[in-house]
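J.: Got a file for you: protein.tsv, TSV, N, CA and C atoms.
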```tsv
chain	number	residue	atom	x	y	z
N	1	GLY	N	105.46	103.01	97.65
N	1	GLY	CA	105.15	103.52	96.33
N	1	GLY	C	104.23	104.71	96.37
N	2	GLN	N	103.25	104.72	97.28
N	2	GLN	CA	102.30	105.83	97.32
N	2	GLN	C	102.93	107.09	97.92
N	3	LEU	N	104.14	107.00	98.40
N	3	LEU	CA	104.83	108.16	98.95
N	3	LEU	C	105.50	108.98	97.87
N	4	LEU	N	105.48	108.49	96.64
N	4	LEU	CA	106.12	109.15	95.51
N	4	LEU	C	105.08	109.64	94.52
N	5	THR	N	105.49	110.57	93.66
N	5	THR	CA	104.60	110.98	92.59
N	5	THR	C	104.53	109.85	91.56
N	6	ASP	N	103.54	109.90	90.70
N	6	ASP	CA	103.42	108.88	89.65
N	6	ASP	C	104.68	108.83	88.80
N	7	ARG	N	105.23	109.99	88.48
N	7	ARG	CA	106.42	110.07	87.63
N	7	ARG	C	107.63	109.46	88.35
N	8	GLN	N	107.82	109.82	89.61
N	8	GLN	CA	108.93	109.25	90.37
N	8	GLN	C	108.80	107.74	90.47
N	9	ARG	N	107.59	107.27	90.71
N	9	ARG	CA	107.35	105.82	90.83
N	9	ARG	C	107.63	105.14	89.49
N	10	GLU	N	107.22	105.74	88.39
N	10	GLU	CA	107.46	105.17	87.06
N	10	GLU	C	108.96	105.02	86.79
N	11	ILE	N	109.70	106.09	87.06
N	11	ILE	CA	111.14	106.07	86.81
N	11	ILE	C	111.83	105.05	87.71
N	12	ALA	N	111.47	105.04	88.98
N	12	ALA	CA	112.08	104.10	89.93
N	12	ALA	C	111.76	102.66	89.55
N	13	ASP	N	110.53	102.39	89.15
N	13	ASP	CA	110.15	101.03	88.75
N	13	ASP	C	110.93	100.58	87.52
N	14	LEU	N	111.04	101.45	86.54
N	14	LEU	CA	111.78	101.09	85.33
N	14	LEU	C	113.24	100.79	85.66
N	15	TYR	N	113.84	101.64	86.46
N	15	TYR	CA	115.27	101.51	86.73
N	15	TYR	C	115.56	100.40	87.74
N	16	TRP	N	114.88	100.42	88.88
N	16	TRP	CA	115.19	99.47	89.95
N	16	TRP	C	114.45	98.14	89.81
N	17	SER	N	113.17	98.18	89.51
N	17	SER	CA	112.39	96.94	89.45
N	17	SER	C	112.59	96.21	88.13
N	18	ASP	N	112.55	96.96	87.03
N	18	ASP	CA	112.69	96.33	85.72
N	18	ASP	C	114.15	96.20	85.31
N	19	ASP	N	115.07	96.76	86.12
N	19	ASP	CA	116.51	96.65	85.91
N	19	ASP	C	116.96	97.22	84.57
N	20	LEU	N	116.36	98.36	84.19
N	20	LEU	CA	116.77	99.02	82.96
N	20	LEU	C	117.93	99.97	83.25
N	21	SER	N	118.70	100.28	82.24
N	21	SER	CA	119.81	101.21	82.40
N	21	SER	C	119.28	102.64	82.44
N	22	LEU	N	120.15	103.57	82.77
N	22	LEU	CA	119.75	104.98	82.75
N	22	LEU	C	119.30	105.38	81.35
N	23	GLY	N	120.04	104.94	80.34
N	23	GLY	CA	119.71	105.26	78.96
N	23	GLY	C	118.36	104.69	78.54
N	24	GLU	N	118.10	103.44	78.90
N	24	GLU	CA	116.83	102.82	78.56
N	24	GLU	C	115.67	103.51	79.27
N	25	THR	N	115.87	103.83	80.53
N	25	THR	CA	114.84	104.53	81.30
N	25	THR	C	114.59	105.91	80.71
N	26	ALA	N	115.66	106.59	80.32
N	26	ALA	CA	115.54	107.92	79.72
N	26	ALA	C	114.76	107.85	78.41
N	27	GLU	N	115.05	106.85	77.61
N	27	GLU	CA	114.37	106.70	76.32
N	27	GLU	C	112.87	106.49	76.50
N	28	ILE	N	112.50	105.65	77.46
N	28	ILE	CA	111.09	105.35	77.70
N	28	ILE	C	110.35	106.56	78.26
N	29	THR	N	111.01	107.29	79.17
N	29	THR	CA	110.33	108.39	79.85
N	29	THR	C	110.45	109.73	79.13
N	30	GLY	N	111.34	109.80	78.15
N	30	GLY	CA	111.52	111.05	77.43
N	30	GLY	C	112.41	112.04	78.16
N	31	LEU	N	113.10	111.58	79.19
N	31	LEU	CA	114.03	112.41	79.93
N	31	LEU	C	115.44	112.17	79.42
N	32	SER	N	116.35	113.04	79.84
N	32	SER	CA	117.77	112.79	79.57
N	32	SER	C	118.28	111.80	80.61
N	33	ARG	N	119.45	111.22	80.34
N	33	ARG	CA	120.05	110.33	81.33
N	33	ARG	C	120.26	111.07	82.64
N	34	GLN	N	120.71	112.32	82.54
N	34	GLN	CA	120.94	113.12	83.75
N	34	GLN	C	119.63	113.40	84.48
N	35	GLY	N	118.55	113.58	83.73
N	35	GLY	CA	117.24	113.79	84.34
N	35	GLY	C	116.78	112.55	85.10
N	36	VAL	N	117.03	111.40	84.52
N	36	VAL	CA	116.69	110.13	85.20
N	36	VAL	C	117.52	109.99	86.46
N	37	ARG	N	118.81	110.25	86.35
N	37	ARG	CA	119.70	110.14	87.52
N	37	ARG	C	119.25	111.09	88.63
N	38	ALA	N	118.92	112.33	88.28
N	38	ALA	CA	118.47	113.31	89.27
N	38	ALA	C	117.17	112.85	89.94
N	39	SER	N	116.26	112.32	89.15
N	39	SER	CA	115.00	111.82	89.70
N	39	SER	C	115.24	110.67	90.65
N	40	LEU	N	116.12	109.75	90.29
N	40	LEU	CA	116.43	108.60	91.14
N	40	LEU	C	117.09	109.03	92.45
N	41	GLU	N	117.98	110.02	92.37
N	41	GLU	CA	118.63	110.52	93.58
N	41	GLU	C	117.61	111.17	94.50
N	42	LYS	N	116.70	111.95	93.93
N	42	LYS	CA	115.66	112.59	94.74
N	42	LYS	C	114.73	111.54	95.34
N	43	THR	N	114.37	110.54	94.54
N	43	THR	CA	113.50	109.47	95.03
N	43	THR	C	114.17	108.71	96.17
N	44	ARG	N	115.43	108.39	96.01
N	44	ARG	CA	116.17	107.68	97.06
N	44	ARG	C	116.21	108.53	98.34
N	45	SER	N	116.43	109.81	98.18
N	45	SER	CA	116.47	110.71	99.33
N	45	SER	C	115.11	110.77	100.04
N	46	ILE	N	114.04	110.85	99.27
N	46	ILE	CA	112.69	110.88	99.84
N	46	ILE	C	112.41	109.60	100.61
N	47	LEU	N	112.70	108.45	99.98
N	47	LEU	CA	112.43	107.16	100.62
N	47	LEU	C	113.29	106.95	101.86
N	48	ASN	N	114.55	107.37	101.81
N	48	ASN	CA	115.41	107.26	102.98
N	48	ASN	C	114.88	108.14	104.12
N	49	GLY	N	114.37	109.32	103.79
N	49	GLY	CA	113.80	110.19	104.80
N	49	GLY	C	112.59	109.57	105.47
N	50	TYR	N	111.71	108.98	104.66
N	50	TYR	CA	110.55	108.29	105.22
N	50	TYR	C	110.98	107.11	106.09
N	51	GLU	N	111.98	106.38	105.63
N	51	GLU	CA	112.46	105.21	106.40
N	51	GLU	C	113.01	105.66	107.74
N	52	GLU	N	113.75	106.76	107.76
N	52	GLU	CA	114.29	107.26	109.02
N	52	GLU	C	113.17	107.63	109.99
N	53	LYS	N	112.11	108.21	109.46
N	53	LYS	CA	111.00	108.64	110.31
N	53	LYS	C	110.10	107.48	110.72
N	54	LEU	N	109.85	106.56	109.81
N	54	LEU	CA	108.87	105.52	110.06
N	54	LEU	C	109.47	104.17	110.47
N	55	GLY	N	110.67	103.89	110.02
N	55	GLY	CA	111.33	102.64	110.37
N	55	GLY	C	110.62	101.41	109.81
N	56	LEU	N	109.96	101.54	108.68
N	56	LEU	CA	109.17	100.43	108.13
N	56	LEU	C	110.03	99.24	107.74
N	57	ALA	N	111.13	99.49	107.08
N	57	ALA	CA	111.99	98.38	106.65
N	57	ALA	C	112.55	97.65	107.87
N	58	HIS	N	112.92	98.39	108.90
N	58	HIS	CA	113.45	97.76	110.11
N	58	HIS	C	112.37	96.91	110.78
N	59	ARG	N	111.15	97.44	110.87
N	59	ARG	CA	110.07	96.69	111.49
N	59	ARG	C	109.73	95.44	110.69
N	60	PHE	N	109.74	95.56	109.36
N	60	PHE	CA	109.46	94.41	108.51
N	60	PHE	C	110.53	93.34	108.70
N	61	SER	N	111.79	93.77	108.74
N	61	SER	CA	112.90	92.83	108.93
N	61	SER	C	112.79	92.14	110.29
N	62	ARG	N	112.44	92.89	111.31
N	62	ARG	CA	112.30	92.31	112.65
N	62	ARG	C	111.13	91.33	112.69
N	63	ALA	N	110.04	91.66	112.02
N	63	ALA	CA	108.89	90.75	111.98
N	63	ALA	C	109.27	89.45	111.28
N	64	GLN	N	110.07	89.54	110.22
N	64	GLN	CA	110.52	88.33	109.53
N	64	GLN	C	111.39	87.47	110.45
N	65	GLU	N	112.29	88.12	111.19
N	65	GLU	CA	113.14	87.39	112.12
N	65	GLU	C	112.30	86.65	113.16
N	66	LEU	N	111.32	87.34	113.73
N	66	LEU	CA	110.47	86.72	114.74
N	66	LEU	C	109.66	85.57	114.16
N	67	THR	N	109.19	85.74	112.94
N	67	THR	CA	108.43	84.67	112.28
N	67	THR	C	109.30	83.44	112.08
N	68	GLU	N	110.54	83.64	111.66
N	68	GLU	CA	111.46	82.53	111.48
N	68	GLU	C	111.76	81.83	112.81
N	69	GLN	N	111.90	82.61	113.88
N	69	GLN	CA	112.14	82.02	115.19
N	69	GLN	C	110.94	81.19	115.65
N	70	MET	N	109.74	81.71	115.42
N	70	MET	CA	108.54	80.97	115.81
N	70	MET	C	108.41	79.69	114.99
N	71	GLN	N	108.75	79.76	113.69
N	71	GLN	CA	108.69	78.57	112.84
N	71	GLN	C	109.68	77.52	113.32
N	72	ALA	N	110.89	77.97	113.70
N	72	ALA	CA	111.90	77.04	114.19
N	72	ALA	C	111.44	76.39	115.49
N	73	ALA	N	110.81	77.17	116.38
N	73	ALA	CA	110.31	76.63	117.64
N	73	ALA	C	109.19	75.62	117.38
N	74	ALA	N	108.29	75.93	116.45
N	74	ALA	CA	107.21	75.02	116.11
N	74	ALA	C	107.77	73.72	115.51
N	75	ASP	N	108.77	73.85	114.66
N	75	ASP	CA	109.40	72.66	114.07
N	75	ASP	C	110.05	71.79	115.15
N	76	ALA	N	110.70	72.45	116.12
N	76	ALA	CA	111.34	71.71	117.21
N	76	ALA	C	110.31	70.96	118.04
N	77	LEU	N	109.19	71.63	118.32
N	77	LEU	CA	108.13	70.96	119.09
N	77	LEU	C	107.54	69.79	118.32
N	78	ARG	N	107.34	69.99	117.03
N	78	ARG	CA	106.78	68.92	116.19
N	78	ARG	C	107.71	67.73	116.20
N	79	PHE	N	109.02	67.98	116.11
N	79	PHE	CA	110.00	66.90	116.12
N	79	PHE	C	110.03	66.21	117.48
N	80	GLU	N	109.92	67.00	118.55
N	80	GLU	CA	109.98	66.44	119.90
N	80	GLU	C	108.79	65.55	120.20
N	81	TYR	N	107.62	65.91	119.69
N	81	TYR	CA	106.40	65.14	119.99
N	81	TYR	C	105.99	64.20	118.86
N	82	ALA	N	106.85	64.04	117.89
N	82	ALA	CA	106.51	63.15	116.77
N	82	ALA	C	106.79	61.70	117.08
```
I need this file expressed as structure tokens, please.
T.:
Amino acid sequence: GQLLTDRQREIADLYWSDDLSLGETAEITGLSRQGVRASLEKTRSILNGYEEKLGLAHRFSRAQELTEQMQAAADALRFEYA
């Protein structure tokens, strides 16, 4: 979120997080539907660029996988020694 401007974050939150339509987002922000669409496309491009450079989503996903594996191993040990 801090990688975006306040305006980009507002539009993205309304559309993606709050699940509003382009029209509803446009009405709230005072933009046209096309303006909202253009902002969302630019925001998606910015975030994809950061993801390519930083790999944060991939690292988060990998950390979740490892956590699940450790939990499964702990559960197996608990069952074995119970």
J.: With only C-alpha atoms as the counted atoms, please give the residues lying no more than 8 Å from N:Thr43, apart from itself and same-chain residues fewer than 5 positions off, as a ChimeraX atom specification.
T.: /N:4,8,12
J.: Those residues with N, CA and C atoms, as an mmCIF file, keeping the file's coordinate frame please?
T.:
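This is the output file result_14.cif:
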```cif
data_model
loop_
_atom_site.group_PDB
_atom_site.id
_atom_site.type_symbol
_atom_site.label_atom_id
_atom_site.label_comp_id
_atom_site.auth_asym_id
_atom_site.auth_seq_id
_atom_site.Cartn_x
_atom_site.Cartn_y
_atom_site.Cartn_z
ATOM 1 N N LEU N 4 105.480 108.490 96.640
ATOM 2 C CA LEU N 4 106.120 109.150 95.510
ATOM 3 C C LEU N 4 105.080 109.640 94.520
ATOM 4 N N GLN N 8 107.820 109.820 89.610
ATOM 5 C CA GLN N 8 108.930 109.250 90.370
ATOM 6 C C GLN N 8 108.800 107.740 90.470
ATOM 7 N N ALA N 12 111.470 105.040 88.980
ATOM 8 C CA ALA N 12 112.080 104.100 89.930
ATOM 9 C C ALA N 12 111.760 102.660 89.550
#
```
J.: So what do you get for atom C of N:His58 versus atom C of N:Leu20, distance-wise?
T.: 28.3 Å
J.: So which one's closest to N:Ser32, N:Ala73, N:Leu54, N:Ile11, N:Leu66? Using only C-alpha atoms, please.
T.: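 Closest to N:Ser32 of all the choices is N:Ile11.
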J.: Mind giving me the straight-line distance from atom CA of N:Ser45 to atom C of N:Leu3 in Å, one decimal?
T.: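 About the pair atom CA of N:Ser45 and atom C of N:Leu3: they are 11.2 Å apart.
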J.: From chain N, collect each residue whose DSSP state is helix (DSSP H, G or I) and return the set as a PyMOL selection string.
T.: chain N and resi 6-17+22-29+33-54+56-80
J.: Can you work out the spacing between atom CA of N:Ser21 and atom CA of N:Arg44 in Å, to one decimal?
T.: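 Pair atom CA of N:Ser21 / atom CA of N:Arg44 returns 16.4 Å.
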J.: Write a file for stretch 53-73 of chain N of the given structure; include N, CA and C atoms and format it as an mmCIF file, in the first residue's frame.
T.:
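Output saved as selection-v3.cif:
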```cif
data_model
loop_
_atom_site.group_PDB
_atom_site.id
_atom_site.type_symbol
_atom_site.label_atom_id
_atom_site.label_comp_id
_atom_site.auth_asym_id
_atom_site.auth_seq_id
_atom_site.Cartn_x
_atom_site.Cartn_y
_atom_site.Cartn_z
ATOM 1 N N LYS N 53 10.441 -7.241 -9.021
ATOM 2 C CA LYS N 53 11.725 -6.844 -8.450
ATOM 3 C C LYS N 53 11.943 -7.409 -7.053
ATOM 4 N N LEU N 54 10.897 -7.431 -6.250
ATOM 5 C CA LEU N 54 11.051 -7.795 -4.846
ATOM 6 C C LEU N 54 10.649 -9.233 -4.521
ATOM 7 N N GLY N 55 9.722 -9.782 -5.276
ATOM 8 C CA GLY N 55 9.281 -11.151 -5.041
ATOM 9 C C GLY N 55 8.584 -11.343 -3.704
ATOM 10 N N LEU N 56 7.915 -10.318 -3.203
ATOM 11 C CA LEU N 56 7.303 -10.397 -1.877
ATOM 12 C C LEU N 56 6.188 -11.428 -1.806
ATOM 13 N N ALA N 57 5.336 -11.457 -2.799
ATOM 14 C CA ALA N 57 4.222 -12.412 -2.774
ATOM 15 C C ALA N 57 4.756 -13.844 -2.826
ATOM 16 N N HIS N 58 5.784 -14.070 -3.628
ATOM 17 C CA HIS N 58 6.370 -15.408 -3.715
ATOM 18 C C HIS N 58 6.992 -15.808 -2.379
ATOM 19 N N ARG N 59 7.719 -14.889 -1.749
ATOM 20 C CA ARG N 59 8.336 -15.200 -0.460
ATOM 21 C C ARG N 59 7.283 -15.455 0.608
ATOM 22 N N PHE N 60 6.208 -14.673 0.595
ATOM 23 C CA PHE N 60 5.128 -14.869 1.562
ATOM 24 C C PHE N 60 4.486 -16.236 1.361
ATOM 25 N N SER N 61 4.231 -16.588 0.106
ATOM 26 C CA SER N 61 3.627 -17.883 -0.206
ATOM 27 C C SER N 61 4.541 -19.023 0.236
ATOM 28 N N ARG N 62 5.824 -18.885 -0.004
ATOM 29 C CA ARG N 62 6.784 -19.920 0.397
ATOM 30 C C ARG N 62 6.844 -20.039 1.917
ATOM 31 N N ALA N 63 6.806 -18.909 2.612
ATOM 32 C CA ALA N 63 6.823 -18.940 4.076
ATOM 33 C C ALA N 63 5.582 -19.647 4.608
ATOM 34 N N GLN N 64 4.433 -19.417 3.980
ATOM 35 C CA GLN N 64 3.212 -20.107 4.392
ATOM 36 C C GLN N 64 3.336 -21.612 4.184
ATOM 37 N N GLU N 65 3.894 -22.009 3.046
ATOM 38 C CA GLU N 65 4.085 -23.434 2.771
ATOM 39 C C GLU N 65 4.974 -24.074 3.835
ATOM 40 N N LEU N 66 6.076 -23.418 4.160
ATOM 41 C CA LEU N 66 6.993 -23.955 5.159
ATOM 42 C C LEU N 66 6.339 -24.026 6.530
ATOM 43 N N THR N 67 5.544 -23.029 6.860
ATOM 44 C CA THR N 67 4.836 -23.034 8.142
ATOM 45 C C THR N 67 3.866 -24.207 8.220
ATOM 46 N N GLU N 68 3.152 -24.462 7.139
ATOM 47 C CA GLU N 68 2.221 -25.586 7.102
ATOM 48 C C GLU N 68 2.967 -26.920 7.228
ATOM 49 N N GLN N 69 4.127 -27.023 6.586
ATOM 50 C CA GLN N 69 4.919 -28.246 6.692
ATOM 51 C C GLN N 69 5.409 -28.462 8.124
ATOM 52 N N MET N 70 5.855 -27.384 8.764
ATOM 53 C CA MET N 70 6.316 -27.502 10.149
ATOM 54 C C MET N 70 5.162 -27.881 11.072
ATOM 55 N N GLN N 71 3.974 -27.313 10.827
ATOM 56 C CA GLN N 71 2.814 -27.641 11.642
ATOM 57 C C GLN N 71 2.444 -29.112 11.477
ATOM 58 N N ALA N 72 2.500 -29.603 10.237
ATOM 59 C CA ALA N 72 2.188 -31.005 9.981
ATOM 60 C C ALA N 72 3.199 -31.914 10.677
ATOM 61 N N ALA N 73 4.482 -31.540 10.645
ATOM 62 C CA ALA N 73 5.512 -32.333 11.314
ATOM 63 C C ALA N 73 5.303 -32.328 12.825
#
```
